[in-house]
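This is structure_22.txt. It holds compact mmCIF, C-alpha atoms.
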```txt
# COMPACT_ATOMS: atom_id res chain seq x y z
CA MET E 1 -4.00 70.93 -34.24
CA GLY E 2 -2.76 67.42 -34.94
CA ALA E 3 -0.94 65.27 -32.40
CA ALA E 4 2.40 65.73 -34.18
CA ARG E 5 2.17 69.56 -34.09
CA VAL E 6 1.16 69.42 -30.40
CA GLY E 7 4.22 67.31 -29.63
CA GLN E 8 6.47 69.76 -31.46
CA ALA E 9 4.91 72.74 -29.73
CA LEU E 10 5.21 71.27 -26.20
CA GLY E 11 8.28 69.08 -26.68
CA LEU E 12 6.37 65.83 -26.05
CA VAL E 13 6.60 62.38 -27.54
CA PRO E 14 3.38 60.74 -28.88
CA ARG E 15 2.92 58.72 -25.70
CA GLN E 16 3.01 61.86 -23.57
CA VAL E 17 0.54 63.56 -25.88
CA ARG E 18 -1.91 60.67 -25.46
CA LEU E 19 -1.33 60.70 -21.67
CA ALA E 20 -2.05 64.43 -21.49
CA ALA E 21 -5.26 63.99 -23.45
CA ARG E 22 -6.34 61.06 -21.24
CA ALA E 23 -5.56 63.04 -18.06
CA GLY E 24 -7.57 66.06 -19.30
CA LEU E 25 -4.56 68.41 -19.53
CA LEU E 26 -5.25 68.96 -23.25
CA ASP E 27 -8.65 69.26 -24.91
CA GLN E 28 -9.07 66.77 -27.73
CA HIS E 29 -11.91 66.84 -30.24
CA GLU E 30 -13.87 63.88 -31.52
CA ASP E 31 -11.86 63.78 -34.76
CA GLY E 32 -8.61 63.40 -32.77
CA SER E 33 -7.34 66.97 -33.19
CA PHE E 34 -6.45 69.19 -30.23
CA ASP E 35 -7.73 72.61 -29.26
CA ALA E 36 -5.17 75.24 -30.34
CA GLU E 37 -5.96 77.65 -27.48
CA CYS E 38 -5.46 74.90 -24.86
CA VAL E 39 -2.15 74.00 -26.44
CA ALA E 40 -1.13 77.68 -26.45
CA ARG E 41 -1.94 78.00 -22.71
CA ALA E 42 0.11 74.93 -21.96
CA ALA E 43 3.04 76.27 -23.99
CA ALA E 44 2.79 79.63 -22.18
CA ASP E 45 3.25 77.91 -18.77
CA GLN E 46 5.13 74.83 -19.93
CA ARG E 47 6.79 74.16 -16.56
CA ARG E 48 3.45 73.95 -14.76
CA PHE E 49 2.07 71.78 -17.59
CA LEU E 50 5.03 69.35 -17.46
CA ASP E 51 4.77 69.05 -13.66
CA ALA E 52 1.09 68.17 -13.97
CA LEU E 53 1.86 65.69 -16.77
CA HIS E 54 4.62 64.13 -14.69
CA ARG E 55 2.13 63.50 -11.85
CA GLU E 56 0.02 61.51 -14.32
CA GLU E 57 2.86 59.18 -15.41
CA PRO E 58 2.08 55.46 -14.76
CA LEU E 59 4.54 53.65 -12.49
CA SER E 60 5.02 49.91 -12.04
CA ALA E 61 5.36 48.40 -8.56
CA ARG E 62 9.14 48.37 -8.89
CA GLN E 63 9.27 52.00 -10.03
CA ALA E 64 6.82 53.08 -7.32
CA ALA E 65 8.81 51.31 -4.62
CA ALA E 66 12.02 52.97 -5.84
CA ARG E 67 10.29 56.37 -5.85
CA LEU E 68 9.20 55.91 -2.20
CA HIS E 69 12.58 54.32 -1.22
CA ILE E 70 10.93 51.17 0.12
CA SER E 71 10.88 47.53 -0.88
CA ARG E 72 8.39 46.15 -3.39
CA GLU E 73 6.88 43.92 -0.68
CA ARG E 74 6.21 46.94 1.55
CA PHE E 75 4.77 48.90 -1.39
CA ARG E 76 2.39 46.09 -2.31
CA ARG E 77 1.28 45.76 1.32
CA VAL E 78 0.71 49.51 1.70
CA ALA E 79 -1.04 49.77 -1.70
CA ARG E 80 -3.35 46.93 -0.76
CA THR E 81 -4.14 48.54 2.59
CA ALA E 82 -4.71 52.00 1.06
CA GLU E 83 -6.69 50.52 -1.87
CA LEU E 84 -4.45 52.30 -4.41
CA PRO E 85 -6.26 52.36 -7.81
CA VAL E 86 -4.64 50.68 -10.81
CA VAL E 87 -4.62 52.83 -13.94
CA GLU E 88 -3.27 50.25 -16.38
CA ARG E 89 -2.69 46.48 -16.57
CA GLN E 90 -0.35 44.61 -18.90
CA TRP E 91 0.35 40.89 -19.34
CA LEU E 92 3.95 39.79 -19.95
CA ARG E 93 5.40 36.40 -20.80
CA ARG E 94 8.52 35.73 -18.72
CA ASP E 95 10.30 32.42 -17.99
CA GLY E 96 7.37 30.48 -19.42
CA ARG E 97 4.85 32.19 -17.14
CA ASP E 98 2.18 34.84 -17.77
CA LEU E 99 2.73 37.78 -15.41
CA GLU E 100 0.35 40.68 -14.76
CA VAL E 101 2.03 44.07 -14.40
CA CYS E 102 -0.03 46.80 -12.69
CA TYR E 103 0.69 50.49 -13.17
CA TYR E 104 -0.23 53.25 -10.71
CA ARG E 105 -0.60 57.03 -11.09
CA THR E 106 2.47 58.97 -9.90
CA ALA E 107 0.40 61.44 -7.89
CA ASP E 108 -1.40 58.56 -6.14
CA VAL E 109 1.95 56.93 -5.37
CA ASP E 110 3.26 60.19 -3.84
CA ALA E 111 0.11 60.38 -1.71
CA LEU E 112 1.05 57.01 -0.13
CA LEU E 113 3.94 58.53 1.82
CA PRO E 114 1.95 58.93 5.09
CA HIS E 115 0.77 55.35 4.78
CA VAL E 116 4.36 54.19 4.27
CA VAL E 117 5.51 56.04 7.40
CA ALA E 118 2.65 54.53 9.39
CA ASP E 119 3.48 51.05 8.11
CA ILE E 120 7.16 51.44 9.06
CA GLU E 121 6.32 52.63 12.56
CA LEU E 122 3.67 49.93 13.02
CA ARG E 123 6.05 47.22 11.89
CA ALA E 124 8.78 48.49 14.18
CA ALA E 125 6.39 48.53 17.14
CA ALA E 126 5.16 45.04 16.24
CA ALA E 127 8.77 43.81 16.08
CA VAL E 128 9.46 45.24 19.54
CA VAL E 129 6.33 43.57 20.92
CA ALA E 130 7.21 40.31 19.19
CA ARG E 131 10.72 40.38 20.65
CA SER E 132 9.28 41.07 24.07
CA GLN E 133 6.78 38.24 23.72
CA ALA E 134 9.46 35.92 22.35
CA ALA E 135 11.70 36.73 25.29
CA ALA E 136 8.87 36.03 27.72
CA LYS E 137 8.00 32.81 25.91
CA ALA E 138 11.65 31.76 25.90
CA ALA E 139 11.84 32.46 29.63
CA ARG E 140 8.74 30.34 30.24
CA THR E 141 10.15 27.57 28.06
CA ARG E 142 13.46 27.62 29.93
CA ALA E 143 11.64 27.50 33.25
CA ARG E 144 9.48 24.63 32.05
CA ASN E 145 12.53 22.76 30.75
CA ARG E 146 14.32 23.27 34.07
CA GLU E 147 11.29 21.97 35.93
CA ARG E 148 11.00 18.99 33.59
CA ALA E 149 14.71 18.23 33.94
CA TYR E 150 14.45 18.44 37.74
CA SER E 151 11.46 16.08 37.77
CA ALA E 152 13.30 13.68 35.43
CA ARG E 153 16.34 13.66 37.72
CA GLN E 154 14.12 12.93 40.70
CA LEU E 155 12.50 10.01 38.83
CA LEU E 156 15.90 8.70 37.75
CA SER E 157 17.12 8.72 41.33
CA MET E 158 14.04 6.69 42.31
CA ARG E 159 14.46 4.24 39.38
CA ARG E 160 18.15 3.64 40.03
CA PRO E 161 18.51 0.01 41.16
CA GLY E 162 20.41 -0.92 44.28
CA THR E 163 23.34 -3.32 44.59
CA ALA E 164 21.02 -6.30 45.34
CA GLY E 165 18.07 -5.21 43.20
CA ASP E 166 15.99 -7.10 40.70
CA PRO E 167 18.19 -8.34 37.81
CA VAL E 168 15.54 -7.16 35.33
CA GLU E 169 15.70 -3.60 36.66
CA THR E 170 19.52 -3.74 36.74
CA VAL E 171 19.74 -4.72 33.08
CA LEU E 172 16.97 -2.25 32.16
CA TRP E 173 18.91 0.60 33.83
CA ALA E 174 22.08 -0.24 31.89
CA VAL E 175 20.22 -0.57 28.58
CA ALA E 176 18.50 2.81 29.01
CA LEU E 177 21.75 4.61 29.93
CA GLY E 178 23.63 2.96 27.04
CA ALA E 179 20.89 3.94 24.58
CA ALA E 180 20.87 7.53 25.88
CA HIS E 181 24.67 7.72 25.59
CA GLY E 182 24.66 6.14 22.12
CA SER E 183 26.97 3.21 22.90
CA LEU E 184 25.27 -0.02 23.97
CA ALA E 185 27.26 -3.13 24.89
CA PRO E 186 26.88 -5.98 22.33
CA ARG E 187 25.40 -8.35 24.94
CA LEU E 188 22.71 -5.80 25.78
CA ARG E 189 21.68 -4.87 22.23
CA ARG E 190 18.95 -7.51 22.15
CA PHE E 191 16.98 -5.38 24.66
CA ARG E 192 17.26 -1.98 22.92
CA ASP E 193 13.79 -2.19 21.33
CA ASP E 194 11.98 -2.88 24.62
CA THR E 195 9.30 -0.28 25.34
CA ARG E 196 10.33 0.15 28.99
CA ALA E 197 13.96 0.65 27.98
CA LEU E 198 12.98 3.25 25.38
CA ALA E 199 10.81 5.12 27.90
CA LEU E 200 13.62 5.15 30.47
CA ALA E 201 16.10 6.37 27.83
CA GLU E 202 13.69 9.20 27.00
CA LEU E 203 13.58 10.06 30.72
CA VAL E 204 17.39 10.23 30.77
CA ALA E 205 17.27 12.63 27.80
CA GLN E 206 14.70 14.83 29.60
CA ALA E 207 17.00 15.06 32.64
CA ARG E 208 19.39 17.17 30.50
CA LEU E 209 22.47 15.59 32.01
CA LYS E 210 25.92 16.41 30.70
CA PRO E 211 27.38 13.90 28.20
CA ALA E 212 30.25 13.11 30.55
CA GLU E 213 27.81 12.45 33.40
CA VAL E 214 25.70 10.11 31.23
CA GLU E 215 28.83 8.28 30.08
CA ALA E 216 29.99 7.78 33.66
CA MET E 217 26.58 6.47 34.72
CA ALA E 218 26.48 4.09 31.72
CA LEU E 219 29.93 2.67 32.53
CA GLU E 220 28.97 2.28 36.17
CA ALA E 221 25.77 0.37 35.29
CA LEU E 222 27.40 -1.90 32.69
CA GLY E 223 29.23 -4.21 35.11
CA PRO E 224 26.23 -5.10 37.34
CA ALA E 225 24.07 -5.58 34.23
CA LEU E 226 26.48 -8.09 32.67
CA ARG E 227 26.63 -9.99 35.99
CA ALA E 228 22.81 -9.98 36.17
CA LEU E 229 22.31 -11.39 32.65
CA PRO E 230 22.73 -15.09 33.71
CA LEU E 231 19.97 -14.54 36.27
CA LEU E 232 17.42 -13.88 33.52
CA VAL E 233 15.35 -16.57 31.81
CA ARG E 234 14.71 -16.62 28.07
CA PRO E 235 11.15 -16.19 26.78
CA ALA E 236 11.04 -19.76 25.41
CA GLU E 237 11.77 -21.23 28.85
CA VAL E 238 9.23 -18.90 30.46
CA ALA E 239 6.54 -20.07 28.05
CA GLY E 240 7.51 -23.73 28.57
CA ARG E 241 7.41 -23.55 32.37
CA LEU E 242 4.28 -21.42 32.76
CA GLY E 243 2.31 -22.55 29.71
CA VAL E 244 1.69 -18.94 28.68
CA PRO E 245 3.58 -16.76 26.13
CA ALA E 246 6.33 -14.73 27.77
CA LEU E 247 5.00 -11.43 26.45
CA ARG E 248 1.65 -12.10 28.17
CA VAL E 249 3.49 -12.79 31.43
CA ALA E 250 5.48 -9.57 30.96
CA GLU E 251 2.24 -7.59 31.21
CA HIS E 252 1.95 -8.47 34.92
CA ILE E 253 5.53 -8.64 36.26
CA PRO E 254 8.83 -6.80 35.67
CA ALA E 255 10.24 -8.11 32.39
CA LEU E 256 12.61 -7.00 29.66
CA HIS E 257 11.76 -8.07 26.11
CA GLY E 258 10.15 -11.25 27.49
CA TYR E 259 13.06 -12.04 29.85
CA ILE E 260 12.21 -12.37 33.57
CA ALA E 261 14.21 -13.18 36.68
CA ARG E 262 14.72 -16.89 37.43
CA THR E 263 13.62 -16.43 41.05
CA THR E 264 10.38 -14.85 39.81
CA LEU E 265 9.86 -17.76 37.41
CA GLU E 266 10.28 -20.32 40.21
CA GLU E 267 7.80 -18.47 42.42
CA LEU E 268 5.23 -18.32 39.62
CA ALA E 269 5.70 -22.00 38.78
CA GLN E 270 5.29 -23.13 42.42
CA VAL E 271 2.42 -20.85 43.46
CA PRO E 272 0.64 -19.51 40.35
CA PRO E 273 -1.22 -16.26 41.09
CA GLY E 274 -4.76 -15.60 39.92
CA TRP E 275 -3.79 -13.65 36.81
CA LEU E 276 -1.53 -16.52 35.66
CA LEU E 277 -4.36 -19.02 36.15
CA MET E 278 -6.63 -16.78 34.10
CA LEU E 279 -4.01 -16.55 31.34
CA ARG E 280 -3.71 -20.34 31.33
CA GLY E 281 -7.48 -20.62 31.10
CA ASP E 282 -7.53 -18.22 28.16
CA GLN E 283 -4.70 -20.16 26.53
CA GLU E 284 -6.54 -23.46 26.99
CA LEU E 285 -9.76 -21.94 25.71
CA THR E 286 -7.94 -20.70 22.63
CA ARG E 287 -6.41 -24.14 22.07
CA VAL E 288 -9.73 -25.94 22.49
CA SER E 289 -11.45 -23.44 20.21
CA ALA E 290 -8.82 -23.94 17.55
CA MET E 291 -9.06 -27.73 17.89
CA TRP E 292 -12.86 -27.59 17.69
CA ALA E 293 -12.61 -25.36 14.62
CA ARG E 294 -10.23 -27.85 12.99
CA GLU E 295 -12.58 -30.73 13.80
CA GLN E 296 -15.53 -28.82 12.40
CA GLU E 297 -13.58 -28.04 9.26
CA ARG E 298 -12.57 -31.69 8.89
CA ALA E 299 -16.18 -32.82 9.44
CA TRP E 300 -17.31 -30.36 6.82
CA GLU E 301 -14.68 -31.67 4.40
CA VAL E 302 -15.77 -35.29 5.02
CA ALA E 303 -19.43 -34.37 4.51
CA GLN E 304 -18.49 -32.51 1.34
CA GLU E 305 -16.54 -35.50 0.06
CA ARG E 306 -19.50 -37.76 0.75
CA ALA E 307 -21.85 -35.39 -1.00
CA ASP E 308 -19.50 -35.22 -3.99
CA ALA E 309 -19.34 -39.04 -4.12
CA VAL E 310 -23.14 -39.30 -4.02
CA LEU E 311 -23.40 -36.75 -6.81
CA ARG E 312 -20.84 -38.62 -8.90
CA ASP E 313 -22.71 -41.90 -8.38
CA ALA E 314 -25.97 -40.20 -9.32
CA GLU E 315 -24.38 -38.75 -12.44
CA ARG E 316 -23.03 -42.15 -13.44
CA ALA E 317 -26.41 -43.76 -12.76
CA VAL E 318 -28.17 -41.18 -14.85
CA ALA E 319 -25.54 -41.28 -17.61
CA ARG E 320 -26.03 -45.05 -18.20
CA LEU E 321 -29.07 -46.95 -19.47
CA SER E 322 -29.87 -50.63 -18.97
CA ASP E 323 -30.43 -53.08 -21.84
CA GLU E 324 -34.13 -53.21 -21.00
CA ALA E 325 -34.43 -49.41 -21.19
CA VAL E 326 -32.69 -49.30 -24.56
CA ALA E 327 -34.90 -52.19 -25.83
CA ASP E 328 -38.01 -50.27 -24.80
CA LEU E 329 -36.76 -47.13 -26.55
CA PHE E 330 -36.19 -48.89 -29.89
CA GLY E 331 -38.85 -51.63 -29.59
CA LEU E 332 -36.31 -54.48 -29.81
CA ASP E 333 -35.69 -57.71 -27.93
CA ALA E 334 -33.62 -57.18 -24.77
CA GLY E 335 -31.34 -60.13 -25.69
CA LEU E 336 -30.48 -58.57 -29.05
CA VAL E 337 -29.83 -55.23 -27.40
CA ALA E 338 -27.42 -56.90 -24.95
CA GLU E 339 -25.43 -58.30 -27.89
CA LEU E 340 -25.38 -54.86 -29.56
CA ARG E 341 -23.74 -53.07 -26.63
CA PRO E 342 -20.86 -50.70 -27.46
CA ARG E 343 -17.29 -51.88 -26.88
CA ARG E 344 -17.26 -50.32 -23.38
CA GLY E 345 -20.04 -52.70 -22.39
CA ARG E 346 -22.59 -50.06 -21.32
CA TRP E 347 -25.15 -47.81 -22.91
CA ALA E 348 -24.13 -44.19 -22.28
CA ALA E 349 -27.02 -41.73 -22.27
CA ALA E 350 -25.26 -39.45 -24.76
CA TYR E 351 -24.63 -42.41 -27.13
CA VAL E 352 -28.27 -43.55 -26.92
CA GLU E 353 -29.41 -39.98 -27.61
CA GLN E 354 -27.17 -39.91 -30.68
CA LEU E 355 -28.69 -43.22 -31.89
CA LEU E 356 -32.20 -41.85 -31.40
CA ARG E 357 -31.36 -38.88 -33.63
CA ALA E 358 -29.52 -40.92 -36.29
CA ARG E 359 -31.82 -44.04 -36.25
CA PRO E 360 -29.34 -46.46 -37.92
CA ALA E 361 -30.79 -49.23 -40.06
CA TRP E 362 -29.70 -52.03 -37.71
CA LEU E 363 -32.06 -50.61 -35.04
CA ALA E 364 -35.12 -50.66 -37.30
CA ASP E 365 -36.47 -54.05 -36.18
CA ASP E 366 -35.44 -57.40 -34.70
CA ALA E 367 -34.39 -58.85 -38.06
CA SER E 368 -32.05 -55.93 -38.78
CA ALA E 369 -30.68 -56.22 -35.26
CA ARG E 370 -29.96 -59.97 -35.73
CA ASP E 371 -28.17 -59.19 -39.00
CA GLU E 372 -26.05 -56.59 -37.20
CA VAL E 373 -25.27 -59.09 -34.43
CA ALA E 374 -24.20 -61.63 -37.05
CA ARG E 375 -22.13 -59.04 -38.91
CA ARG E 376 -20.33 -58.01 -35.73
CA ALA E 377 -19.69 -61.64 -34.81
CA ALA E 378 -18.21 -62.27 -38.28
CA ALA E 379 -16.11 -59.13 -37.99
CA ARG E 380 -14.82 -60.24 -34.60
CA GLU E 381 -14.01 -63.68 -36.02
CA ALA E 382 -12.18 -62.13 -38.98
CA ARG E 383 -10.33 -59.80 -36.66
CA ARG E 384 -9.30 -62.69 -34.42
CA LEU E 385 -8.17 -64.67 -37.47
CA GLY E 386 -6.10 -61.73 -38.64
CA TRP E 387 -4.46 -61.48 -35.22
CA ARG E 388 -3.68 -65.24 -35.23
CA ARG E 389 -2.14 -64.99 -38.68
CA ALA E 390 0.01 -62.07 -37.57
CA TRP E 391 1.24 -64.02 -34.50
CA ALA E 392 1.88 -67.08 -36.69
CA HIS E 393 3.98 -64.95 -39.01
CA VAL E 394 5.93 -63.46 -36.10
CA PHE E 395 6.90 -66.84 -34.61
CA GLY E 396 6.83 -68.89 -37.87
CA VAL E 397 4.21 -71.37 -36.65
CA PRO E 398 0.99 -72.63 -38.28
CA VAL E 399 -2.13 -70.63 -37.71
CA GLU E 400 -3.74 -73.63 -36.04
CA ALA E 401 -1.02 -73.48 -33.34
CA VAL E 402 -2.04 -69.96 -32.29
CA PRO E 403 -4.91 -70.04 -29.71
CA GLU E 404 -8.09 -68.14 -30.44
CA SER E 405 -7.78 -66.16 -27.20
CA VAL E 406 -4.62 -64.42 -28.33
CA GLY E 407 -4.63 -60.63 -28.09
CA ARG E 408 -4.01 -57.92 -30.66
CA PRO E 409 -0.43 -57.97 -32.02
CA SER E 410 0.49 -54.42 -31.14
CA PRO E 411 4.18 -53.41 -31.36
CA ALA E 412 4.53 -53.44 -27.58
CA ALA E 413 2.84 -56.88 -27.32
CA VAL E 414 5.08 -58.29 -30.06
CA ARG E 415 8.24 -57.00 -28.30
CA ALA E 416 7.11 -58.53 -25.01
CA ALA E 417 6.26 -61.87 -26.66
CA LEU E 418 9.63 -62.03 -28.43
CA ALA E 419 11.40 -61.34 -25.14
CA ALA E 420 9.41 -64.11 -23.38
CA PRO E 421 7.81 -66.40 -26.02
CA PRO E 422 4.51 -68.00 -24.94
CA VAL E 423 4.14 -71.77 -24.62
CA TRP E 424 2.36 -72.27 -27.96
CA ALA E 425 5.15 -70.43 -29.76
CA ARG E 426 7.85 -72.60 -28.16
CA ARG E 427 5.96 -75.77 -29.07
CA GLY E 428 5.72 -74.74 -32.69
```
Starting from the coordinates I provided, produce the structure as structure tokens.
Amino acid sequence: MGAARVGQALGLVPRQVRLAARAGLLDQHEDGSFDAECVARAAADQRRFLDALHREEPLSARQAAARLHISRERFRRVARTAELPVVERQWLRRDGRDLEVCYYRTADVDALLPHVVADIELRAAAAVVARSQAAAKAARTRARNRERAYSARQLLSMRRPGTAGDPVETVLWAVALGAAHGSLAPRLRRFRDDTRALALAELVAQARLKPAEVEAMALEALGPALRALPLLVRPAEVAGRLGVPALRVAEHIPALHGYIARTTLEELAQVPPGWLLMLRGDQELTRVSAMWAREQERAWEVAQERADAVLRDAERAVARLSDEAVADLFGLDAGLVAELRPRRGRWAAAYVEQLLRARPAWLADDASARDEVARRAAAREARRLGWRRAWAHVFGVPVEAVPESVGRPSPAAVRAALAAPPVWARRG
């Protein structure tokens, strides 16, 4: 029989026919057809067949949880514990994510009922135990908090300054109470970041006092603290009198943000204790070390400057050649070489190297060199004559009136000469 005829005979849809074949409720041949006798037996007892087929239906986690009347979280937990087999897996795309949906056999889901009951009872017992443990833990915590609050109150009673106490402790007490209450007087706000004040404020919080009680204590401590403020010395004055930073002094005596009592300052200034002398020694050692380091750095800079000057002199000495050296290089008379110097008046090593490569004709021999000397002298004479003629034209005087030592008639020189004419121009 074909699958369609089987579905008509048993009242099944194609999916149920395939499920029955997969579960072994119907015999299916290799060619896909079904055994007619098996189908006839199923049709004869259709109720029993449908019940067996229903037990083979795959259920998702949501459907299985609804069937057992539990949440999906409990079903997943119980299925994981009981190692419930998965009969089918599907992947779905939902909200941009790939989700895996597992299906379970209905009969296997029904068999989980004892596990579900055990999980419910176990969870209930665990909740009872957890509540009992939480209650015991809460009782221990409350007892510990009461003990901590009692100890904090005892410490606060010991830290509370008297009417004629140290002004530092008086101000510290008011600052801590104001910080714990949340309202600090403006004149005391400069001390709110002091470590001792913060620690004492934390102690006030641990005492678990009532807000009204803390407010009353803060108001009571404010007056004495404001009266004690003038009795404190600023850190700058402490450092100036003792020669040591105020914060270093505060490590050894009662202090508040570098402020100490004036009476304490006078005692330290008159009879310095050993720790203060050691601090001064450390301060002096630091100063001397810094001064020595500066001197060493300055000495190094001077030595470096001297070395740089020596190197510059050496470079200049190497970069220049004497007339005799140039004469030896070209095989010329030293006197001729002196008259052939460049306009700067010295033979640069780079210029001499260029001449050695180019080998101009006027360096061929002494005769060529004398001709070059004569040519340069004539050129200088012609240049000087041209300058004199230009100056004569500027001032309208004869060329003979212009001295031979006159300079080049540049625009700036002409403007300066017209503003203040030279003597020879006025005579002309």
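Nearest to Ile70 of chain E of all the residues E:Glu372, E:Glu83, E:Glu30, E:Asp119 is E:Asp119, based on all atoms listed in the file.
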Original post:
Can you tell me, as a PyMOL selection string, what residues are no more than 12 Å from Gln28 of chain E when counting all atoms listed in the file, ignoring any on the same chain fewer than 4 positions away?
Top reply: chain E and resi 1-3+6+17-24+32-39
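Counting all atoms listed in the file, the residue from E:Ala207, E:Asp365, E:Val394, E:Val129 that sits nearest to Ala417 of chain E is E:Val394.
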Original post:
So how many Å separate atom CA of Arg287 of chain E and atom CA of Val233 of chain E, to one decimal?
Top reply: 25.0 Å
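Between atom CA of His257 of chain E and atom CA of Arg241 of chain E lies a distance of 17.3 Å.
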**OP:** Calculate how many Å separate atom CA of Leu112 of chain E from atom CA of Asp27 of chain E, rounding to one decimal.
**Re:** 29.3 Å
Taking all listed atoms of segment 254-266 of chain E, build the axis-aligned box, pad each of the six sides by 4 Å, then write its centre and edge lengths in Å to one decimal as lines of an AutoDock Vina configuration file.
```
center_x = 11.8
center_y = -13.6
center_z = 33.6
size_x = 13.9
size_y = 21.5
size_z = 22.9
```
